[in-house]
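Here the structure is laid out as structure tokens; the discussion comes afterwards.
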Amino acid sequence: MNWKPLEKFLPEGGLDFVEIWLKDIPLKLIVKNARRTKLGDYRFDPHSKRHRITIDGTLKSDAFFFVLTHEIAHLLVQIEFGSKVKPHGEEWKSTFGKMLQDSLSIYESDLRNSIFRHALNPKASVGADKQLFQKLFLKENQLGNLVENLGENQKFRIGTRVFQRGNKRKIRYICKELKTGRMFLVNGQAIVDEIINE
């Protein structure tokens, strides 16, 4: 397949790795407009035997390559082990970790230590690795706008919904949607659109 159109989304040298990893593998790769809930996604259709990856095309090149590597690792595990292994089990961790280490040189130098550390024990969600998430996905001015950096009972808006932050439960916060009174678990790394001070 011709992966050349991907080059504009990747850091310099990234295309070489993609071509090696995906050599002779039929894959439908879809680059999406900005997504709020998922950075990327891998799907395998057992009936048609087709692989599909979708990825957020608005990510910075290092972040795009990282997420693409994560999803390609799922594809390679599916090909080697089938559906009998856990999505983020040992097989995936080993595959993804090796891919990160092999491609470490193409990342910006200030990211390499964080990516190497992550490669030793990859997480299912990059959001669980706070340091790497902040370096890869956040702009300097966004750090104060993370749910985890808000005070308890602070009101905030994400999209069209207004919430009030509650207590932490692992990496998520129990947040009350003010309009409905329903409780939601919101990732601490979620970026708030507006902090509401009354």
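Each chain in the structure tokens gets a letter, A, B and so on, in the order shown; residues start at 1 in every chain, and ligands are counted from 1 in the order they appear.
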Find the residues around A:Ala190 up to 9 Å (only C-alpha atoms counted), leave out those fewer than 6 positions away in its own chain, and share them as a PyMOL selection string.
chain A and resi 127+145-148+158
Keeping only C-alpha atoms, write the selected residues as a PDB file, in the first residue's frame.
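Saved as again-v6.pdb:
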```pdb
ATOM      1  CA  GLY A 127      -3.720   9.440  29.999  1.00  0.00           C
ATOM      2  CA  ASN A 145      -7.519  23.572  32.518  1.00  0.00           C
ATOM      3  CA  LEU A 146      -7.285  19.893  33.450  1.00  0.00           C
ATOM      4  CA  VAL A 147     -10.052  18.432  35.616  1.00  0.00           C
ATOM      5  CA  GLU A 148      -7.425  17.189  38.099  1.00  0.00           C
ATOM      6  CA  ILE A 158     -16.789  20.489  28.692  1.00  0.00           C
TER       7      ILE A 158
END
```
Backbone DSSP call of strand (DSSP E or B) for stretch 71-174 of chain A, listed as a PDB file with C-alpha atoms, in the first residue's frame:
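result18.pdb, written as the output of this step:
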```
ATOM      1  CA  LEU A 146      -7.285  19.893  33.450  1.00  0.00           C
ATOM      2  CA  LYS A 155     -17.842  24.125  38.270  1.00  0.00           C
ATOM      3  CA  PHE A 156     -16.619  23.680  34.714  1.00  0.00           C
ATOM      4  CA  ARG A 157     -17.839  23.152  31.176  1.00  0.00           C
ATOM      5  CA  ILE A 158     -16.789  20.489  28.692  1.00  0.00           C
ATOM      6  CA  ARG A 161     -22.313  20.193  29.592  1.00  0.00           C
ATOM      7  CA  VAL A 162     -21.637  21.898  32.915  1.00  0.00           C
ATOM      8  CA  PHE A 163     -20.230  19.801  35.770  1.00  0.00           C
ATOM      9  CA  GLN A 164     -19.174  20.162  39.375  1.00  0.00           C
ATOM     10  CA  ARG A 165     -15.979  18.313  40.287  1.00  0.00           C
ATOM     11  CA  GLY A 166     -16.120  15.838  43.150  1.00  0.00           C
ATOM     12  CA  ASN A 167     -13.709  13.351  44.708  1.00  0.00           C
ATOM     13  CA  LYS A 168     -11.038  11.361  42.891  1.00  0.00           C
ATOM     14  CA  ARG A 169     -11.521   7.670  42.118  1.00  0.00           C
ATOM     15  CA  ARG A 172     -11.047   9.778  37.284  1.00  0.00           C
ATOM     16  CA  TYR A 173     -13.145  12.244  39.222  1.00  0.00           C
ATOM     17  CA  ILE A 174     -16.764  11.832  40.218  1.00  0.00           C
TER      18      ILE A 174
END
```
Determine the nearest neighbour of A:Leu136 from the options A:Val186, A:Leu111, A:Leu100, A:Ile55, counting only C-alpha atoms.
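Distance minimum relative to A:Leu136 lands on A:Leu111.
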Hey, what's within 12 Å of A:Lys130 if we count only C-alpha atoms and toss same-chain stuff fewer than 3 positions away? As an NGL selection string, please?
:A and (114-115 or 118 or 123 or 125-127 or 133-138 or 143 or 146 or 148 or 171 or 187-190)
Suppose you want the space between atom CA of A:Met99 and atom CA of A:Glu19; what is it in Å?
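Straight-line distance from atom CA of A:Met99 to atom CA of A:Glu19 works out to 12.9 Å.
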I need the residue nearest A:Leu22 from this list: A:Arg43, A:Arg35, A:Lys8, A:His74. Use only C-alpha atoms for the distance.
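Distance minimum relative to A:Leu22 lands on A:His74.
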DSSP says helix (DSSP H, G or I) for which residues of stretch 26-83 of chain A? Put them as number ranges by chain?
A: 61-83
Would you mind exporting N, CA and C atoms of the selected residues as a PDB file, in the first residue's frame?
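This went into out_8.pdb:
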```
ATOM      1  N   SER A  61       2.537  16.121  15.353  1.00  0.00           N
ATOM      2  CA  SER A  61       3.123  14.965  14.662  1.00  0.00           C
ATOM      3  C   SER A  61       3.640  13.889  15.620  1.00  0.00           C
ATOM      4  N   ASP A  62       4.306  14.265  16.716  1.00  0.00           N
ATOM      5  CA  ASP A  62       4.787  13.262  17.670  1.00  0.00           C
ATOM      6  C   ASP A  62       3.624  12.508  18.304  1.00  0.00           C
ATOM      7  N   ALA A  63       2.566  13.222  18.663  1.00  0.00           N
ATOM      8  CA  ALA A  63       1.389  12.599  19.271  1.00  0.00           C
ATOM      9  C   ALA A  63       0.683  11.695  18.259  1.00  0.00           C
ATOM     10  N   PHE A  64       0.564  12.158  17.017  1.00  0.00           N
ATOM     11  CA  PHE A  64      -0.066  11.359  15.959  1.00  0.00           C
ATOM     12  C   PHE A  64       0.694  10.044  15.789  1.00  0.00           C
ATOM     13  N   PHE A  65       2.019  10.125  15.708  1.00  0.00           N
ATOM     14  CA  PHE A  65       2.835   8.926  15.518  1.00  0.00           C
ATOM     15  C   PHE A  65       2.709   7.983  16.710  1.00  0.00           C
ATOM     16  N   PHE A  66       2.687   8.533  17.923  1.00  0.00           N
ATOM     17  CA  PHE A  66       2.549   7.724  19.134  1.00  0.00           C
ATOM     18  C   PHE A  66       1.221   6.962  19.120  1.00  0.00           C
ATOM     19  N   VAL A  67       0.129   7.673  18.836  1.00  0.00           N
ATOM     20  CA  VAL A  67      -1.201   7.044  18.812  1.00  0.00           C
ATOM     21  C   VAL A  67      -1.280   6.020  17.680  1.00  0.00           C
ATOM     22  N   LEU A  68      -0.740   6.352  16.521  1.00  0.00           N
ATOM     23  CA  LEU A  68      -0.736   5.410  15.402  1.00  0.00           C
ATOM     24  C   LEU A  68       0.049   4.149  15.766  1.00  0.00           C
ATOM     25  N   THR A  69       1.179   4.313  16.437  1.00  0.00           N
ATOM     26  CA  THR A  69       1.979   3.165  16.877  1.00  0.00           C
ATOM     27  C   THR A  69       1.163   2.283  17.819  1.00  0.00           C
ATOM     28  N   HIS A  70       0.450   2.901  18.756  1.00  0.00           N
ATOM     29  CA  HIS A  70      -0.424   2.184  19.694  1.00  0.00           C
ATOM     30  C   HIS A  70      -1.439   1.328  18.925  1.00  0.00           C
ATOM     31  N   GLU A  71      -2.080   1.919  17.926  1.00  0.00           N
ATOM     32  CA  GLU A  71      -3.120   1.210  17.174  1.00  0.00           C
ATOM     33  C   GLU A  71      -2.523   0.138  16.260  1.00  0.00           C
ATOM     34  N   ILE A  72      -1.375   0.406  15.655  1.00  0.00           N
ATOM     35  CA  ILE A  72      -0.717  -0.613  14.821  1.00  0.00           C
ATOM     36  C   ILE A  72      -0.300  -1.801  15.684  1.00  0.00           C
ATOM     37  N   ALA A  73       0.098  -1.549  16.930  1.00  0.00           N
ATOM     38  CA  ALA A  73       0.435  -2.648  17.846  1.00  0.00           C
ATOM     39  C   ALA A  73      -0.775  -3.563  18.037  1.00  0.00           C
ATOM     40  N   HIS A  74      -1.972  -2.987  18.165  1.00  0.00           N
ATOM     41  CA  HIS A  74      -3.190  -3.812  18.260  1.00  0.00           C
ATOM     42  C   HIS A  74      -3.350  -4.679  17.008  1.00  0.00           C
ATOM     43  N   LEU A  75      -3.142  -4.082  15.845  1.00  0.00           N
ATOM     44  CA  LEU A  75      -3.268  -4.799  14.576  1.00  0.00           C
ATOM     45  C   LEU A  75      -2.282  -5.969  14.521  1.00  0.00           C
ATOM     46  N   LEU A  76      -1.023  -5.725  14.871  1.00  0.00           N
ATOM     47  CA  LEU A  76      -0.003  -6.772  14.810  1.00  0.00           C
ATOM     48  C   LEU A  76      -0.295  -7.899  15.795  1.00  0.00           C
ATOM     49  N   VAL A  77      -0.813  -7.552  16.971  1.00  0.00           N
ATOM     50  CA  VAL A  77      -1.195  -8.574  17.958  1.00  0.00           C
ATOM     51  C   VAL A  77      -2.372  -9.394  17.428  1.00  0.00           C
ATOM     52  N   GLN A  78      -3.332  -8.738  16.807  1.00  0.00           N
ATOM     53  CA  GLN A  78      -4.483  -9.446  16.220  1.00  0.00           C
ATOM     54  C   GLN A  78      -4.009 -10.449  15.166  1.00  0.00           C
ATOM     55  N   ILE A  79      -3.077 -10.036  14.324  1.00  0.00           N
ATOM     56  CA  ILE A  79      -2.570 -10.919  13.269  1.00  0.00           C
ATOM     57  C   ILE A  79      -1.825 -12.112  13.872  1.00  0.00           C
ATOM     58  N   GLU A  80      -0.996 -11.854  14.887  1.00  0.00           N
ATOM     59  CA  GLU A  80      -0.175 -12.926  15.458  1.00  0.00           C
ATOM     60  C   GLU A  80      -0.938 -13.845  16.405  1.00  0.00           C
ATOM     61  N   PHE A  81      -1.829 -13.278  17.235  1.00  0.00           N
ATOM     62  CA  PHE A  81      -2.468 -14.066  18.291  1.00  0.00           C
ATOM     63  C   PHE A  81      -3.975 -14.238  18.123  1.00  0.00           C
ATOM     64  N   GLY A  82      -4.585 -13.489  17.223  1.00  0.00           N
ATOM     65  CA  GLY A  82      -6.032 -13.556  17.071  1.00  0.00           C
ATOM     66  C   GLY A  82      -6.738 -12.845  18.215  1.00  0.00           C
ATOM     67  N   SER A  83      -8.006 -13.168  18.379  1.00  0.00           N
ATOM     68  CA  SER A  83      -8.830 -12.473  19.378  1.00  0.00           C
ATOM     69  C   SER A  83      -8.797 -13.144  20.746  1.00  0.00           C
TER      70      SER A  83
END
```
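Residue nearest A:His88 within the list A:Leu15, A:Ala124, A:Tyr107, A:Thr58: A:Ala124 [criterion: smallest interatomic distance, only C-alpha atoms].
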